[in-house]
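Enquirer: Below you'll find the structure I mean.
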Amino acid sequence: MNMEKINLARKLIKEYHYDLKAIDKGYTGRTLYVNVGSHDIKEKSVTQLIKDKFIGGKGFGLYYLWQAVTESTRWNDPENEIVISSGPVGGITQYPGSGKSLVVTLSPLTDMPMDSNAGGYFGPYLKFSGFDALELQGKADKDVIIFINGVKGTISIEEVPNEDIDTHIFGEQLTELYADNEEDKRNIAVISTGTAARHTNIGLLNFTFYDVRRKGTRLKQAGRGGIGTVFRDKHIKAVVIKVAGVKGNENHPVDKLTLNKIGIKMHKEIHDLDNSQNRMRQIGTANIIEVMDQYDLLPTHNYKFGAHKDTYKISSRVFTAKVTQNSPDGCWFGCSLACAKAADHFELKTGPYKGEKVSIDGPEYENAAGLGSNLGIFDPDAILELNFYCDTYGLDTISFATMTAFVMECYENGILNKERTGGLELTFGNIEAAFELIHQMSRGEGFGKIVGMGIRKMKEYFVKEYGADPKFLSDIGMEQKGLEFSEYLPKESLAQQGGYGLTNKGPQHDEAWLIFMDMVNNQIPTFEDKAEALHYYPMFRTWFGLVGFCKLPWNDIAPANNKFTDEPAKIPEHVQNYVDVYNAVTGMSIDKHELIRQSERVYNFQRLFNIRMGYGKRIHDKIPYRAMGPVTMEEYESRQERYDRQLVEHLGYDPANKTTEEKMKVLREYRLDQYEKLTDAVYKRRGWTMDGVPTAEKLQELGMDLPELLEVVKKHV
Amino acid sequence: MIKLNNRDYECQDGITVEELMKLNNFTYARIIVYLNGEVVLPENYASTTIHHGDDVKAIHLMAGG
């Protein structure tokens with residue numbers, strides 16, 4: 001469908017006028033509520049209590065979602081909301097990585113609150129338009145676009161033709177439609193999804209922003225947990241925001257001088273050291289592909305192994321040559337870490353856009369590992385093209401990759417065959433089959449629809465329909481809480497197993513990534529050490545999502561003198577930067593300890609939200625055995641020396657003259673027991689019961705003893 | 001025998017930090033090496049020798065994604 005047709009068919013359903021007002025110390029003091037079913041549009045005040053307890057970003061998202069739903073609300077009920085918020089620091093331009101948007105909803109994959117973050121301009125522009133958060137509720141009869149005009153102070157709901165459009169086209173069309181002229185395009189931000197979001201449970205939200213250097217739109221994604229699926233279920237086609245422009249003091253911080261000073265210091269650090277550290281400005285997070293392989297951590301063949309002989313074909317150096325260099329590719333103004341790389345003029349070889357030349361955002365590490373090695377695919381162009389189609393179709397690359405790896409292993413084990421897959425030969429490394437699968441998801445056809453349900457539902461389906469062994473599927477299906485694992489091999493790091501398993505939303509590494517601290521550095525040898533790390537890092541990293549920061553400038557670059565500090569892994573100077581920036585914007589006077597407490601309040605709130613929805617207890621924190629150890633003989637025997645040695649060292653078990661099955665059984669019992677002991681230690685450190693429920697005492701200590709939370713605790717303790 | 005990241009490690013007496021890193025395939029760009037609690041700067045890896053009983057830490061500074 002072209003834009004002219006959309007434009008002609010647009011029908012204004014509702015228009016709402018509001019007063020534009022300046023931001024004060026990072027907050028506008030109000031949020032925007034839009035119900036696409038009833039067309040109700042209203043403003044809500046942000047109280048001091050909301051600010052104190054929930055800060056912003058994901059905290060605000062969880063707060064408003066809690067108010068909107070009941071224990072029985074499911075993801076596709078009209079009551080479910082999508083809440084988008086940046087946070088008090090979001091939108092500053094002085095410090096790198098300050099443009100994040102946090103999105104919260106009830107997930108079709110997990111049936112619990114999901115949070116996912118994205119770069120791009122939307123979150124800051126929402127605030128510049130006058131709102132600390134946007135709540136989207138209800139379900140429209142026909143497709144709608146919501147337009148927030150932060151220049152005029154109007155919000156409109158417009159009905160548009162009921163037809164899906166992929167994001168790389170639609171984002172560009174909407175930017176064109178709502179901008180006054182070429183110069184104005186940078187003032188437009190769009191969120192939308194693609195054709196596959198309606199047919200799968202892994203739809204993502206694309207955040208489109210205009211790249212003035214490329215003179216075209218770029219995409220960042222709130223990828224995890226099926227938020228795009230909820231978006232389309234509500235019949236929302238897009239939300240568009242327009243602002244008058246971006247200035248360095250939009251947030252009206254209390255201390256701009258300090259912001260400038262800290263920002264300049266950080267920009268210099270990046271300028272001087274990035275080339276000799278992680279090369280974020282050259283290749284972004286994909287810099288670690290071959291590093292992961294060298295340390296046996298790169299998932300290959302559905303997390304069976306951590307390295308592969310062909311990894312060199314998809315190394316960061318290969319992708320560095322494919323993405324445009326010497327371009328300051330930030331996804332928000334002022335980000336000098338500039339890791340939002342893109343492969344430009346890429347000619348597509350498959351699908352509906354075959355032959356077209358496009359810009360592909362990425363690949364980020366997760367995409368390269370997930371769409372590459374974990375599928376047994378070592379073709380960089382295939383990875384880029386799968387990446388492109390995931391984005392434009394609106395599919396979470398991580399879930400798509402992990403689900404596809406799962407069905408490939410099922411295929412190779414005879415659980416699936418050509419008859420069941422509709423002719424797809426889903427063996428590892430079959431690029432053609434992977435492409436057909438993704439195009440089927442876009443069209444809502446064939447086996448792609450079954451895979452699009454997600455691993456949790458596929459496991460049930462394969463047992464019921466094909467008589468598959470539920471234990472084997474449970475062992476190899478890399479999901480927990482319904483969410484697919486992200487792309488690190490955690491088998492040899494107990495702390496990382498906890499970093500995946502003892503999380504709120506499911507196995508996404510954004511809470512804690514402890515593999516090197518644990519497995520390689522051996523810095524956290526005891527259960528208590530690991531528990532301390534699984535307290536500090538999840539809380540510290542939660543904070544980024546409360547205030548509007550990106551995590552990458554925290555530890556993908558480090559000051560030259562960091563090595564001489566007491567705790568180099570925490571990057572103490574950067575922690576102090578964050579404290580100082582937050583105080584400089586808000587006028588507060590927190591320290592690094594209060595920063596952790598701010599996170600703890602929201603973290604415990606989210607845990608209790610999960611429990612309120614019927615999840616979030618110890619039983620839900622268990623992880624598949626593939627994440628903990630070798631499921632198959634092939635896996636054990638590929639690292640036999642390592643596993644045999646561990647049996648001797650940890651258990652005093654002599655592996656001589658034992659069969660692989662016997663050794664695997666002993667190792668499995670040991671590793672399962674270790675995970676349980678870790679769980680005990682972490683719950684204790686976090687102030688939870690041994691069933692994983694935050695205690696009333698813990699809530700009191702945090703000042704989070706809100707009546708609605710105490711009620712949940714009372715029911716479950 | 002030395003301690004490497006708090007684990008017993010057999011190596012030749014007098015091995016350099018550079019050789020130890022190579023032997024262990026410690027290739028990551030951001031590693032802090034401590035020899036008996038003191039930081040060894042990268043420019044001194046080739047000239048710094050390790051002897052039996054030494055405590056070496058090679059801390060990979062990565063907290064990921």
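All residue names refer to the structure tokens as shown: chains lettered A, B, ... in order, residues numbered from 1 in each chain, ligands numbered from 1 in order.
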Determine which residues of region 428-664 of chain A receive a DSSP assignment of strand (DSSP E), computed from the backbone, and state them as a PyMOL selection string.
Expert: chain A and resi 479-480+483-484
Enquirer: Keeping only N, CA, C and O atoms, write those residues as a compact mmCIF listing (two decimals), in the first residue's frame.
Expert:
```
# COMPACT_ATOMS: atom_id res chain seq x y z
N GLU A 479 14.02 -21.88 26.57
CA GLU A 479 13.13 -20.82 27.06
C GLU A 479 12.96 -20.97 28.55
O GLU A 479 13.15 -22.05 29.10
N GLN A 480 12.64 -19.88 29.18
CA GLN A 480 12.28 -19.92 30.60
C GLN A 480 11.26 -18.82 30.82
O GLN A 480 11.38 -17.74 30.21
N LEU A 483 9.99 -17.02 27.67
CA LEU A 483 10.85 -16.17 26.84
C LEU A 483 12.07 -16.97 26.37
O LEU A 483 12.68 -17.70 27.16
N GLU A 484 12.42 -16.81 25.13
CA GLU A 484 13.59 -17.50 24.58
C GLU A 484 14.88 -16.89 25.14
O GLU A 484 14.97 -15.67 25.32
```
Enquirer: Give me the residues within 8 Å of region 42-59 of chain B as an mmCIF file with C-alpha atoms, in the first residue's frame, counting only C-alpha atoms and dropping any in the same chain fewer than 5 places off.
Expert:
```
data_model
loop_
_atom_site.group_PDB
_atom_site.id
_atom_site.type_symbol
_atom_site.label_atom_id
_atom_site.label_comp_id
_atom_site.auth_asym_id
_atom_site.auth_seq_id
_atom_site.Cartn_x
_atom_site.Cartn_y
_atom_site.Cartn_z
ATOM 1 C CA MET A 517 33.735 -12.762 36.272
ATOM 2 C CA VAL A 520 37.250 -17.108 33.510
ATOM 3 C CA ASN A 521 38.263 -14.668 36.244
ATOM 4 C CA MET B 1 53.109 -24.073 40.235
ATOM 5 C CA ILE B 2 51.480 -20.638 40.365
ATOM 6 C CA LYS B 3 47.984 -19.401 41.129
ATOM 7 C CA LEU B 4 46.164 -18.155 38.068
ATOM 8 C CA ASN B 5 42.806 -16.607 38.813
ATOM 9 C CA ASN B 6 42.764 -18.365 42.175
ATOM 10 C CA GLN B 12 57.519 -23.073 33.626
ATOM 11 C CA ASP B 13 59.412 -20.919 36.134
ATOM 12 C CA GLY B 14 60.305 -17.591 34.575
ATOM 13 C CA ILE B 15 57.545 -17.561 31.999
ATOM 14 C CA THR B 16 56.584 -14.041 30.912
ATOM 15 C CA VAL B 17 53.130 -12.554 31.304
ATOM 16 C CA GLU B 18 52.898 -12.380 27.540
ATOM 17 C CA GLU B 19 53.637 -16.101 27.220
ATOM 18 C CA ILE B 31 42.282 -7.699 30.495
ATOM 19 C CA ILE B 32 43.875 -6.364 33.667
ATOM 20 C CA VAL B 33 46.834 -8.448 34.830
ATOM 21 C CA TYR B 34 47.836 -8.405 38.480
ATOM 22 C CA LEU B 35 51.065 -10.046 39.650
ATOM 23 C CA ASN B 36 51.022 -10.543 43.414
ATOM 24 C CA GLY B 37 48.449 -7.786 43.706
#
```
Enquirer: A:Gln598, A:Ser129, A:Gln173, A:Asn562: which is nearest chain B, counting only C-alpha atoms?
Expert: A:Asn562
Enquirer: Hey, list the chain A side of the contact with chain B: 10 Å cut-off, only C-alpha atoms, answer as a PyMOL selection string.
Expert: chain A and resi 276-279+285-286+288+290-292+294-295+364-366+486-488+508-517+519-523+525+537+551-552+554-558+562-564+568-571
Enquirer: Any chance you could list, as a PyMOL selection string, the residues in region 243-454 of chain A that come up alpha helix (DSSP H) when DSSP is run on the backbone?
Expert: chain A and resi 256-273+280-283+289-294+316-322+365-371+380-393+397-412+418-421+431-443+446-451
